[in-house]
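Participant: Sharing entry_14.cif, mmCIF, C-alpha atoms:
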```
data_query
#
loop_
_atom_site.label_atom_id
_atom_site.label_comp_id
_atom_site.auth_asym_id
_atom_site.auth_seq_id
_atom_site.Cartn_x
_atom_site.Cartn_y
_atom_site.Cartn_z
CA MET A 1 10.48 23.28 -17.94
CA THR A 2 8.76 26.34 -16.56
CA TRP A 3 8.04 26.91 -12.92
CA ASP A 4 5.64 29.66 -11.86
CA TRP A 5 5.95 30.74 -8.22
CA ASP A 6 2.77 32.82 -8.53
CA ALA A 7 0.82 29.65 -9.21
CA VAL A 8 2.33 28.12 -6.08
CA ARG A 9 1.28 31.17 -4.05
CA ASP A 10 -2.24 31.05 -5.46
CA PHE A 11 -2.48 27.35 -4.73
CA LEU A 12 -1.35 27.53 -1.08
CA PRO A 13 -4.76 28.44 0.43
CA HIS A 14 -6.27 25.47 -1.43
CA LEU A 15 -3.46 23.30 -0.14
CA TRP A 16 -4.40 24.17 3.46
CA ASP A 17 -8.07 23.35 2.79
CA GLY A 18 -7.05 20.02 1.29
CA LEU A 19 -4.60 19.30 4.09
CA LEU A 20 -7.34 19.79 6.69
CA VAL A 21 -9.59 17.31 4.91
CA THR A 22 -6.70 14.85 4.51
CA LEU A 23 -5.87 15.04 8.22
CA GLN A 24 -9.53 14.68 9.13
CA VAL A 25 -9.79 11.51 7.03
CA LEU A 26 -6.54 10.25 8.52
CA VAL A 27 -7.60 10.75 12.15
CA LEU A 28 -11.11 9.31 11.74
CA GLY A 29 -9.88 6.48 9.52
CA SER A 30 -7.20 5.58 12.06
CA LEU A 31 -9.73 5.53 14.89
CA ILE A 32 -12.02 3.20 12.93
CA SER A 33 -9.18 0.91 11.87
CA PHE A 34 -7.69 0.72 15.38
CA THR A 35 -11.03 -0.21 16.96
CA LEU A 36 -12.32 -2.49 14.23
CA GLY A 37 -8.93 -4.21 13.90
CA LEU A 38 -9.00 -5.01 17.61
CA VAL A 39 -12.52 -6.39 17.25
CA TRP A 40 -11.40 -8.67 14.38
CA ALA A 41 -8.34 -9.80 16.35
CA LEU A 42 -10.45 -10.65 19.41
CA LEU A 43 -13.04 -12.47 17.29
CA MET A 44 -10.20 -14.55 15.84
CA ARG A 45 -9.46 -15.74 19.40
CA THR A 46 -12.94 -17.11 20.01
CA PRO A 47 -13.03 -20.88 20.55
CA THR A 48 -15.64 -21.63 17.88
CA ARG A 49 -14.57 -21.86 14.25
CA TRP A 50 -18.04 -20.68 13.15
CA VAL A 51 -16.89 -17.21 14.18
CA ARG A 52 -13.23 -17.48 13.18
CA TRP A 53 -13.75 -18.73 9.63
CA PRO A 54 -16.17 -16.05 8.43
CA VAL A 55 -14.05 -13.32 10.04
CA GLU A 56 -10.92 -14.74 8.42
CA ALA A 57 -12.61 -15.00 5.00
CA VAL A 58 -14.09 -11.49 5.07
CA THR A 59 -10.92 -9.77 6.26
CA GLU A 60 -8.77 -11.69 3.76
CA PHE A 61 -11.11 -10.62 0.98
CA VAL A 62 -11.05 -6.96 2.01
CA ARG A 63 -7.26 -7.00 2.42
CA ASP A 64 -6.57 -8.52 -1.00
CA THR A 65 -8.85 -6.33 -3.12
CA PRO A 66 -8.17 -2.73 -4.17
CA LEU A 67 -9.32 0.06 -1.86
CA LEU A 68 -10.30 2.02 -4.97
CA VAL A 69 -12.90 -0.54 -6.03
CA GLN A 70 -14.13 -0.84 -2.44
CA LEU A 71 -14.61 2.93 -2.41
CA PHE A 72 -16.66 2.75 -5.63
CA PHE A 73 -18.65 -0.14 -4.21
CA LEU A 74 -19.62 1.78 -1.06
CA PHE A 75 -20.11 5.07 -2.87
CA TYR A 76 -22.45 3.72 -5.57
CA VAL A 77 -24.05 0.74 -3.86
CA LEU A 78 -24.97 2.14 -0.44
CA PRO A 79 -27.39 4.72 -1.96
CA GLU A 80 -29.00 1.88 -3.97
CA TRP A 81 -29.63 0.11 -0.67
CA GLY A 82 -31.16 3.29 0.71
CA ILE A 83 -28.27 4.30 2.97
CA ALA A 84 -27.44 7.95 2.41
CA ALA A 85 -23.97 9.04 3.51
CA SER A 86 -21.79 11.94 2.45
CA ALA A 87 -18.76 11.23 0.25
CA LEU A 88 -16.45 12.07 3.15
CA THR A 89 -18.21 9.64 5.51
CA THR A 90 -18.17 6.90 2.88
CA GLY A 91 -14.47 7.47 2.27
CA VAL A 92 -13.60 7.44 5.97
CA VAL A 93 -15.55 4.21 6.51
CA ALA A 94 -13.96 2.54 3.47
CA ILE A 95 -10.41 3.48 4.42
CA GLY A 96 -10.99 2.56 8.08
CA LEU A 97 -12.46 -0.82 7.12
CA HIS A 98 -9.67 -1.55 4.65
CA TYR A 99 -6.91 -0.79 7.13
CA SER A 100 -8.66 -2.61 9.99
CA THR A 101 -7.79 -5.83 8.13
CA TYR A 102 -4.13 -4.85 8.43
CA THR A 103 -4.20 -3.62 12.05
CA MET A 104 -5.94 -6.88 12.93
CA GLN A 105 -2.76 -8.78 12.02
CA VAL A 106 -0.71 -6.32 14.05
CA TYR A 107 -2.87 -6.89 17.14
CA ARG A 108 -2.76 -10.63 16.59
CA ALA A 109 1.05 -10.60 16.58
CA GLY A 110 1.02 -8.36 19.68
CA ILE A 111 -1.32 -10.69 21.57
CA GLU A 112 0.73 -13.75 20.61
CA ALA A 113 3.90 -12.02 21.83
CA VAL A 114 2.57 -11.73 25.40
CA PRO A 115 4.53 -14.36 27.39
CA PRO A 116 2.49 -17.48 28.35
CA GLY A 117 3.41 -16.84 32.02
CA GLN A 118 1.09 -13.83 31.96
CA TRP A 119 -1.86 -16.02 30.95
CA GLU A 120 -0.93 -18.60 33.56
CA ALA A 121 -0.65 -15.92 36.25
CA ALA A 122 -4.09 -14.59 35.32
CA THR A 123 -5.48 -18.13 35.60
CA ALA A 124 -3.70 -18.67 38.94
CA LEU A 125 -5.28 -15.47 40.28
CA SER A 126 -8.58 -16.75 38.86
CA LEU A 127 -9.22 -13.48 37.10
CA PRO A 128 -12.42 -13.47 35.05
CA VAL A 129 -11.90 -13.55 31.25
CA ARG A 130 -12.78 -9.90 30.84
CA ARG A 131 -10.29 -8.78 33.49
CA THR A 132 -7.60 -11.04 32.02
CA TRP A 133 -7.94 -9.25 28.70
CA THR A 134 -8.42 -5.67 29.90
CA ALA A 135 -5.98 -5.68 32.80
CA VAL A 136 -3.27 -8.15 31.78
CA ILE A 137 -3.08 -9.07 28.10
CA LEU A 138 -4.21 -6.02 26.12
CA PRO A 139 -2.16 -3.37 27.98
CA GLN A 140 0.99 -5.36 27.20
CA ALA A 141 -0.02 -6.32 23.66
CA VAL A 142 -1.07 -2.83 22.58
CA ARG A 143 2.08 -1.19 23.95
CA ARG A 144 4.20 -3.47 21.78
CA VAL A 145 2.31 -2.78 18.58
CA VAL A 146 2.22 1.04 18.69
CA PRO A 147 5.08 1.45 16.13
CA ALA A 148 3.51 -1.07 13.75
CA LEU A 149 0.19 0.77 14.00
CA GLY A 150 2.08 4.01 13.28
CA ASN A 151 3.40 2.50 10.05
CA TYR A 152 -0.13 1.78 8.93
CA VAL A 153 -1.21 5.35 9.73
CA ILE A 154 1.54 6.53 7.36
CA ALA A 155 0.39 4.03 4.72
CA MET A 156 -3.16 5.31 5.21
CA LEU A 157 -1.99 8.89 4.69
CA LYS A 158 -0.67 7.86 1.29
CA ASP A 159 -4.00 6.26 0.40
CA THR A 160 -6.12 9.31 1.30
CA PRO A 161 -5.78 10.76 -2.27
CA LEU A 162 -7.99 7.90 -3.46
CA LEU A 163 -10.92 9.70 -1.89
CA MET A 164 -10.60 12.24 -4.68
CA THR A 165 -12.28 9.70 -6.97
CA ILE A 166 -15.50 9.91 -4.96
CA THR A 167 -15.50 13.76 -5.03
CA VAL A 168 -13.84 14.40 -1.66
CA LEU A 169 -11.65 17.51 -1.94
CA GLU A 170 -8.55 16.39 -0.07
CA MET A 171 -5.07 17.52 -1.16
CA LEU A 172 -4.99 15.80 -4.55
CA GLY A 173 -8.61 16.74 -5.24
CA GLU A 174 -7.80 20.40 -4.55
CA ALA A 175 -4.72 20.17 -6.78
CA ARG A 176 -6.71 18.70 -9.64
CA LEU A 177 -9.45 21.29 -9.31
CA PHE A 178 -6.89 24.09 -9.27
CA SER A 179 -5.08 22.60 -12.31
CA GLN A 180 -8.26 22.40 -14.32
CA GLU A 181 -9.30 25.95 -13.48
CA HIS A 182 -5.90 27.54 -14.20
CA PHE A 183 -4.45 25.10 -16.76
CA GLN A 184 -1.35 24.75 -14.61
CA PHE A 185 -0.57 21.17 -13.71
CA THR A 186 3.10 21.25 -12.78
CA GLU A 187 2.99 23.48 -9.71
CA PRO A 188 0.02 22.16 -7.69
CA LEU A 189 0.86 18.49 -8.34
CA THR A 190 4.51 18.98 -7.43
CA VAL A 191 3.61 20.99 -4.33
CA ILE A 192 1.37 18.24 -2.94
CA GLY A 193 3.94 15.59 -3.86
CA VAL A 194 6.46 17.48 -1.76
CA ALA A 195 3.85 18.00 0.97
CA PHE A 196 3.33 14.23 1.22
CA VAL A 197 7.06 13.61 1.59
CA LEU A 198 7.33 16.43 4.16
CA ILE A 199 4.62 14.82 6.28
CA SER A 200 5.42 11.13 5.87
CA PHE A 201 9.22 11.26 6.18
CA PRO A 202 9.31 12.87 9.67
CA ALA A 203 6.42 10.60 10.65
CA SER A 204 8.40 7.51 9.65
CA LEU A 205 11.43 8.82 11.59
CA LEU A 206 9.15 9.19 14.62
CA VAL A 207 7.91 5.61 14.23
CA ARG A 208 11.49 4.33 13.95
CA ALA A 209 12.45 6.23 17.12
CA LEU A 210 9.46 4.66 18.90
CA GLU A 211 10.56 1.22 17.71
CA ARG A 212 14.06 1.72 19.07
CA ARG A 213 12.69 2.95 22.35
CA LEU A 214 10.44 -0.06 22.77
CA ALA A 215 13.21 -2.44 21.76
CA SER A 216 15.66 -1.14 24.37
CA MET B 1 -25.01 -8.84 -17.77
CA THR B 2 -24.70 -9.32 -21.53
CA SER B 3 -21.77 -11.05 -23.22
CA GLY B 4 -20.59 -7.73 -24.65
CA LEU B 5 -20.20 -6.34 -21.16
CA TRP B 6 -18.33 -9.44 -20.05
CA GLU B 7 -15.98 -8.86 -22.96
CA THR B 8 -15.27 -5.38 -21.60
CA VAL B 9 -14.46 -6.89 -18.22
CA LEU B 10 -12.18 -9.51 -19.78
CA ARG B 11 -10.30 -6.84 -21.72
CA GLY B 12 -9.91 -5.04 -18.39
CA VAL B 13 -8.47 -8.18 -16.79
CA TRP B 14 -5.94 -8.43 -19.62
CA VAL B 15 -4.83 -4.80 -19.19
CA THR B 16 -4.52 -5.26 -15.42
CA VAL B 17 -2.43 -8.43 -15.86
CA GLN B 18 -0.14 -6.75 -18.40
CA LEU B 19 0.32 -3.72 -16.18
CA LEU B 20 1.00 -5.98 -13.19
CA VAL B 21 3.69 -7.95 -15.05
CA PHE B 22 5.44 -4.90 -16.52
CA SER B 23 5.45 -2.85 -13.32
CA ALA B 24 6.51 -5.90 -11.27
CA LEU B 25 9.50 -6.34 -13.62
CA LEU B 26 10.45 -2.66 -13.43
CA GLY B 27 9.85 -2.63 -9.68
CA GLY B 28 11.99 -5.74 -9.25
CA VAL B 29 14.90 -4.18 -11.15
CA VAL B 30 14.59 -0.96 -9.14
CA ALA B 31 14.37 -2.90 -5.87
CA PHE B 32 17.56 -4.87 -6.53
CA VAL B 33 19.63 -2.04 -8.02
CA VAL B 34 18.71 0.51 -5.34
CA GLY B 35 18.60 -2.10 -2.56
CA ILE B 36 22.15 -3.24 -3.34
CA ALA B 37 23.23 0.41 -3.62
CA ARG B 38 21.94 0.96 -0.09
CA ILE B 39 24.63 -1.33 1.34
CA HIS B 40 27.39 0.01 -0.96
CA ARG B 41 30.78 0.79 0.60
CA ARG B 42 30.63 4.44 -0.43
CA ARG B 43 28.59 6.74 1.74
CA SER B 44 27.50 8.93 -1.19
CA VAL B 45 25.96 5.98 -3.05
CA ARG B 46 24.15 4.85 0.10
CA PHE B 47 22.87 8.39 0.66
CA LEU B 48 21.51 8.77 -2.89
CA ALA B 49 19.83 5.37 -2.76
CA GLY B 50 18.31 6.29 0.63
CA CYS B 51 16.97 9.55 -0.82
CA TYR B 52 15.34 7.65 -3.68
CA THR B 53 13.63 5.27 -1.27
CA GLU B 54 12.37 8.00 1.05
CA VAL B 55 11.05 10.23 -1.76
CA PHE B 56 9.24 7.49 -3.66
CA ARG B 57 7.91 5.80 -0.54
CA GLY B 58 6.97 9.16 0.91
CA THR B 59 4.60 10.27 -1.83
CA SER B 60 1.32 8.62 -2.57
CA ALA B 61 1.21 6.26 -5.58
CA LEU B 62 -1.81 8.11 -6.95
CA VAL B 63 -0.01 11.47 -6.71
CA MET B 64 2.92 9.88 -8.56
CA ILE B 65 0.59 8.65 -11.31
CA PHE B 66 -0.89 12.14 -11.71
CA TRP B 67 2.60 13.56 -11.82
CA VAL B 68 3.76 11.16 -14.54
CA TYR B 69 0.64 11.85 -16.61
CA PHE B 70 0.38 15.62 -16.25
CA VAL B 71 3.75 17.07 -15.24
CA LEU B 72 6.27 14.95 -17.16
CA PRO B 73 4.86 15.54 -20.67
CA PRO B 74 4.97 19.38 -20.68
CA ALA B 75 8.11 19.52 -18.55
CA PHE B 76 10.24 17.29 -20.74
CA GLY B 77 8.36 17.49 -24.00
CA TRP B 78 7.56 13.83 -24.36
CA GLN B 79 4.31 12.01 -23.96
CA LEU B 80 4.17 8.43 -22.74
CA VAL B 81 1.72 5.79 -23.91
CA PRO B 82 -0.71 5.24 -20.97
CA MET B 83 0.56 1.70 -20.38
CA TRP B 84 4.16 2.89 -20.02
CA ALA B 85 3.20 5.88 -17.91
CA GLY B 86 1.34 3.55 -15.55
CA THR B 87 4.21 1.08 -15.53
CA LEU B 88 6.71 3.83 -14.77
CA ALA B 89 4.71 5.34 -11.90
CA LEU B 90 3.84 1.99 -10.29
CA GLY B 91 7.25 0.39 -10.88
CA LEU B 92 9.15 3.31 -9.36
CA THR B 93 6.83 3.60 -6.34
CA TYR B 94 6.52 -0.07 -5.45
CA GLY B 95 10.17 -0.65 -6.36
CA ALA B 96 11.04 1.82 -3.60
CA TYR B 97 9.20 -0.40 -1.10
CA GLY B 98 11.12 -3.36 -2.53
CA THR B 99 14.51 -1.75 -1.82
CA GLU B 100 13.83 -2.15 1.91
CA ILE B 101 13.13 -5.87 1.43
CA VAL B 102 16.37 -6.38 -0.54
CA ARG B 103 18.43 -4.38 1.93
CA GLY B 104 16.96 -6.19 4.94
CA ALA B 105 17.58 -9.65 3.46
CA LEU B 106 21.16 -8.80 2.41
CA ASN B 107 21.90 -7.45 5.88
CA ALA B 108 20.48 -10.61 7.44
CA VAL B 109 23.08 -12.84 5.72
CA GLU B 110 25.70 -14.02 8.22
CA PRO B 111 28.69 -11.54 8.04
CA ALA B 112 31.09 -14.49 8.06
CA GLN B 113 29.78 -15.47 4.62
CA GLY B 114 30.97 -12.20 3.10
CA GLU B 115 34.26 -12.43 4.99
CA GLY B 116 34.76 -15.92 3.58
CA GLY B 117 34.41 -14.40 0.12
CA ILE B 118 37.04 -11.77 0.93
CA ALA B 119 39.38 -14.47 2.21
CA LEU B 120 38.98 -16.35 -1.08
CA GLY B 121 39.87 -13.19 -3.01
CA PHE B 122 36.44 -12.68 -4.61
CA THR B 123 35.69 -9.28 -6.12
CA PRO B 124 32.75 -7.38 -4.48
CA TRP B 125 30.55 -8.25 -7.45
CA GLN B 126 31.45 -11.95 -7.21
CA ARG B 127 30.69 -11.90 -3.49
CA MET B 128 27.29 -10.36 -4.20
CA ARG B 129 26.44 -12.73 -7.05
CA LEU B 130 27.85 -16.00 -5.72
CA ILE B 131 27.54 -15.71 -1.94
CA LEU B 132 25.12 -13.03 -0.72
CA LEU B 133 22.28 -13.10 -3.27
CA PRO B 134 21.78 -16.90 -3.43
CA GLN B 135 21.27 -16.90 0.35
CA ALA B 136 19.29 -13.65 0.58
CA VAL B 137 16.84 -14.11 -2.31
CA PRO B 138 14.81 -17.02 -0.82
CA GLU B 139 14.36 -14.93 2.35
CA MET B 140 12.93 -12.06 0.29
CA ILE B 141 10.21 -14.10 -1.40
CA PRO B 142 7.46 -13.91 1.28
CA SER B 143 7.86 -10.11 1.57
CA PHE B 144 7.91 -9.74 -2.21
CA GLY B 145 4.74 -11.83 -2.33
CA ASN B 146 2.98 -9.35 -0.05
CA LEU B 147 4.34 -6.45 -2.09
CA LEU B 148 3.05 -8.07 -5.27
CA ILE B 149 -0.47 -8.14 -3.80
CA GLU B 150 -0.09 -4.45 -2.89
CA LEU B 151 1.04 -3.79 -6.47
CA LEU B 152 -1.99 -5.63 -7.85
CA LYS B 153 -4.22 -3.38 -5.74
CA GLY B 154 -2.16 -0.40 -6.89
CA THR B 155 -2.80 -1.15 -10.58
CA ALA B 156 -6.44 -0.16 -10.01
CA LEU B 157 -5.21 3.44 -9.57
CA VAL B 158 -4.48 3.87 -13.29
CA SER B 159 -8.23 3.68 -13.97
CA VAL B 160 -8.40 7.22 -12.53
CA MET B 161 -6.47 8.36 -15.62
CA GLY B 162 -8.94 6.60 -17.89
CA MET B 163 -6.82 3.59 -18.66
CA GLY B 164 -9.05 0.59 -19.47
CA ASP B 165 -8.05 -1.78 -16.67
CA LEU B 166 -10.31 -4.02 -14.58
CA ALA B 167 -11.47 -1.25 -12.21
CA PHE B 168 -12.22 1.00 -15.20
CA SER B 169 -14.24 -1.69 -16.95
CA GLY B 170 -16.32 -1.87 -13.77
CA ASN B 171 -17.14 1.82 -14.13
CA LEU B 172 -18.11 1.34 -17.79
CA VAL B 173 -20.47 -1.52 -16.96
CA ARG B 174 -21.98 0.49 -14.10
CA LEU B 175 -22.76 3.34 -16.51
CA ALA B 176 -24.21 0.90 -19.04
CA LEU B 177 -26.43 -0.96 -16.58
CA GLN B 178 -27.21 1.87 -14.13
CA GLU B 179 -26.67 -0.69 -11.42
CA SER B 180 -23.55 -1.09 -9.30
CA ALA B 181 -23.82 -3.83 -6.63
CA GLU B 182 -23.54 -6.74 -9.06
CA ILE B 183 -20.69 -5.50 -11.24
CA TYR B 184 -18.54 -4.22 -8.38
CA SER B 185 -19.00 -7.53 -6.58
CA TYR B 186 -17.75 -9.35 -9.68
CA ILE B 187 -14.79 -6.97 -10.02
CA LEU B 188 -13.80 -7.46 -6.38
CA VAL B 189 -14.05 -11.24 -6.74
CA ILE B 190 -11.86 -11.18 -9.89
CA TYR B 191 -9.21 -9.13 -8.07
CA PHE B 192 -9.37 -11.58 -5.17
CA VAL B 193 -8.89 -14.56 -7.49
CA ILE B 194 -5.85 -12.93 -9.13
CA ALA B 195 -4.41 -12.18 -5.66
CA PHE B 196 -5.03 -15.78 -4.61
CA LEU B 197 -3.24 -17.13 -7.69
CA LEU B 198 -0.30 -14.77 -7.05
CA THR B 199 -0.03 -16.00 -3.45
CA ARG B 200 0.04 -19.62 -4.65
CA LEU B 201 2.66 -18.79 -7.29
CA MET B 202 4.95 -17.08 -4.78
CA ARG B 203 4.58 -19.96 -2.32
CA GLY B 204 5.66 -22.42 -5.02
CA LEU B 205 8.59 -20.20 -5.94
CA GLU B 206 9.69 -19.97 -2.31
CA LYS B 207 9.65 -23.77 -1.98
CA ARG B 208 11.77 -24.24 -5.10
CA LEU B 209 14.31 -21.57 -4.13
CA LYS B 210 14.65 -22.86 -0.56
CA ALA B 211 15.19 -26.38 -1.92
CA GLY B 212 17.97 -25.00 -4.11
CA VAL B 213 19.88 -23.51 -1.16
CA ALA B 214 19.56 -26.36 1.31
#
```
Rewrite the structure of this file - the entire thing - as structure tokens.

Facilitator:
Amino acid sequence: MTWDWDAVRDFLPHLWDGLLVTLQVLVLGSLISFTLGLVWALLMRTPTRWVRWPVEAVTEFVRDTPLLVQLFFLFYVLPEWGIAASALTTGVVAIGLHYSTYTMQVYRAGIEAVPPGQWEAATALSLPVRRTWTAVILPQAVRRVVPALGNYVIAMLKDTPLLMTITVLEMLGEARLFSQEHFQFTEPLTVIGVAFVLISFPASLLVRALERRLAS
Amino acid sequence: MTSGLWETVLRGVWVTVQLLVFSALLGGVVAFVVGIARIHRRRSVRFLAGCYTEVFRGTSALVMIFWVYFVLPPAFGWQLVPMWAGTLALGLTYGAYGTEIVRGALNAVEPAQGEGGIALGFTPWQRMRLILLPQAVPEMIPSFGNLLIELLKGTALVSVMGMGDLAFSGNLVRLALQESAEIYSYILVIYFVIAFLLTRLMRGLEKRLKAGVA
């Protein structure tokens, strides 16, 4: 086994470029999944089943099918329908949509964990529905689910390399490009493997600390 | 779509199913071996098992697949058949997620059960096999069911390396037809059906195992 430190040094600038794209995808994807997941969760609370059933069916379908194929679907089909979007935008939308079907379950659990007394108190104060949600239920529900949402951000980080397949140059894309140009596969691929562990391990420690803090 | 193209898709389904079964088996072995090691009496064993889990959970599955395909062969001088390379990468990665399930379920067994085993003079292995595992395994099934769905979605990643699985057959048909909406819809539906069948299977398994304990 040969290890070439020069290749590592040459690859580092590309690693930073890739890391920036990865983080960009992660932040935007998280924002989409947090918002959209909340929308799904609230729609699942509507009284009519004509809203709940379609939402349930669609989110179940998205959750149980591979993100990779969903990426291909959006990347190749949207242009056929006349919607032009850059590869990065398509990737961010796909990853945000995919993970919104997970965050939706997190929000649902958080909302169900709010004690019934809180609902009853809101009724007793005759708060309007909107105020009940925004001032009483959601602030308590969201606080509880922050660690669980954090876990999905870490999971999303590990799915960002999939965007390489639709030509986005995130970390793995940069590594592959570098490998093909220099015929050195070992160093760039190992470096980004280590980079992923170096980011996700402290992040998971942070989430665990948050969990403990909320539990106490 | 012509029948020839459907044949391509069916071959893809077969490869995906094979890959799913093999990597689930490897992942299951890894999950139990490392998961049990994580509650071992010796600190060093626990530490090593913990390192394994953190490293393999920490990297992305796709990065791991690239690594197994491109770094292992020149580094160690052997080349794996694509199916085994895919199985290895997926089994090791998803097995690492499984270790947490095994550890959690073993820890959730009432401590008095293990103490009862000590009082009866069981060896540690007997305690594990006869007392802890029979009670812990049924509790693991729902989590393993979810992990199995994640693994099914993960198998699509090997298509990036040109392995002819279901996702790859979708790309072939797209190139043949110059049209993507139809074929990708079919592919997504097929994945969903497989996931649905897996969910049913795991639910049946859970019922049978729970009946065995009670």

Participant: Write out as a PDB file with C-alpha atoms, keeping the file's coordinate frame which residues come within 10 Å of Gly150 of chain A when counting all atoms listed in the file, dropping same-chain ones fewer than 3 positions away.

Facilitator:
```
ATOM      1  CA  SER A  30      -7.200   5.580  12.060  1.00  0.00           C
ATOM      2  CA  THR A 103      -4.200  -3.620  12.050  1.00  0.00           C
ATOM      3  CA  VAL A 145       2.310  -2.780  18.580  1.00  0.00           C
ATOM      4  CA  VAL A 146       2.220   1.040  18.690  1.00  0.00           C
ATOM      5  CA  PRO A 147       5.080   1.450  16.130  1.00  0.00           C
ATOM      6  CA  VAL A 153      -1.210   5.350   9.730  1.00  0.00           C
ATOM      7  CA  ILE A 154       1.540   6.530   7.360  1.00  0.00           C
ATOM      8  CA  ALA A 155       0.390   4.030   4.720  1.00  0.00           C
ATOM      9  CA  MET A 156      -3.160   5.310   5.210  1.00  0.00           C
ATOM     10  CA  ALA A 203       6.420  10.600  10.650  1.00  0.00           C
ATOM     11  CA  SER A 204       8.400   7.510   9.650  1.00  0.00           C
ATOM     12  CA  LEU A 206       9.150   9.190  14.620  1.00  0.00           C
ATOM     13  CA  VAL A 207       7.910   5.610  14.230  1.00  0.00           C
ATOM     14  CA  ARG A 208      11.490   4.330  13.950  1.00  0.00           C
ATOM     15  CA  LEU A 210       9.460   4.660  18.900  1.00  0.00           C
ATOM     16  CA  GLU A 211      10.560   1.220  17.710  1.00  0.00           C
TER      17      GLU A 211
END
```

Participant: Starting from the displayed file, determine the output of the PyMOL selection byres ((chain B) within 9 of (chain A)) and express the residue list as a ChimeraX atom specification.

Facilitator: /B:54-64,66-67,70-72,74-77,149-150,152-157,160,167,170-171,179-181,184-185,187-192,195-196

Participant: Quick one: everything within 10 Å of Arg52 of chain A, counting all atoms listed in the file, minus sequence neighbours fewer than 4 positions away in the same chain. Send it as a PyMOL selection string.

Facilitator: chain A and resi 40-48+56-57

Participant: With all atoms listed in the file as the atoms that count, which of B:Ala119, B:Met161, B:Leu197, B:Leu106 lies nearest to Arg38 of chain B?

Facilitator: B:Leu106

Participant: Enter the distance from atom CA of Glu112 of chain A to atom CA of Leu127 of chain A, in Å, rounded to one decimal.

Facilitator: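 If I compute the distance from atom CA of Glu112 of chain A to atom CA of Leu127 of chain A, I get 19.3 Å.
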
Participant: Just so I have it separately, write segment 52-63 of chain A from the block I sent, keeping C-alpha atoms, as an mmCIF file, in the first residue's frame.

Facilitator:
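selection-v8.cif, freshly written:
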```cif
data_model
loop_
_atom_site.group_PDB
_atom_site.id
_atom_site.type_symbol
_atom_site.label_atom_id
_atom_site.label_comp_id
_atom_site.auth_asym_id
_atom_site.auth_seq_id
_atom_site.Cartn_x
_atom_site.Cartn_y
_atom_site.Cartn_z
ATOM 1 C CA ARG A 52 -54.670 13.145 5.530
ATOM 2 C CA TRP A 53 -54.767 10.140 3.207
ATOM 3 C CA PRO A 54 -53.065 11.715 0.187
ATOM 4 C CA VAL A 55 -50.414 13.308 2.420
ATOM 5 C CA GLU A 56 -49.817 9.979 4.155
ATOM 6 C CA ALA A 57 -49.582 8.102 0.832
ATOM 7 C CA VAL A 58 -47.223 10.589 -0.814
ATOM 8 C CA THR A 59 -44.863 10.889 2.155
ATOM 9 C CA GLU A 60 -44.797 7.114 2.658
ATOM 10 C CA PHE A 61 -43.909 6.671 -0.994
ATOM 11 C CA VAL A 62 -41.116 9.237 -0.873
ATOM 12 C CA ARG A 63 -39.747 7.792 2.383
#
```
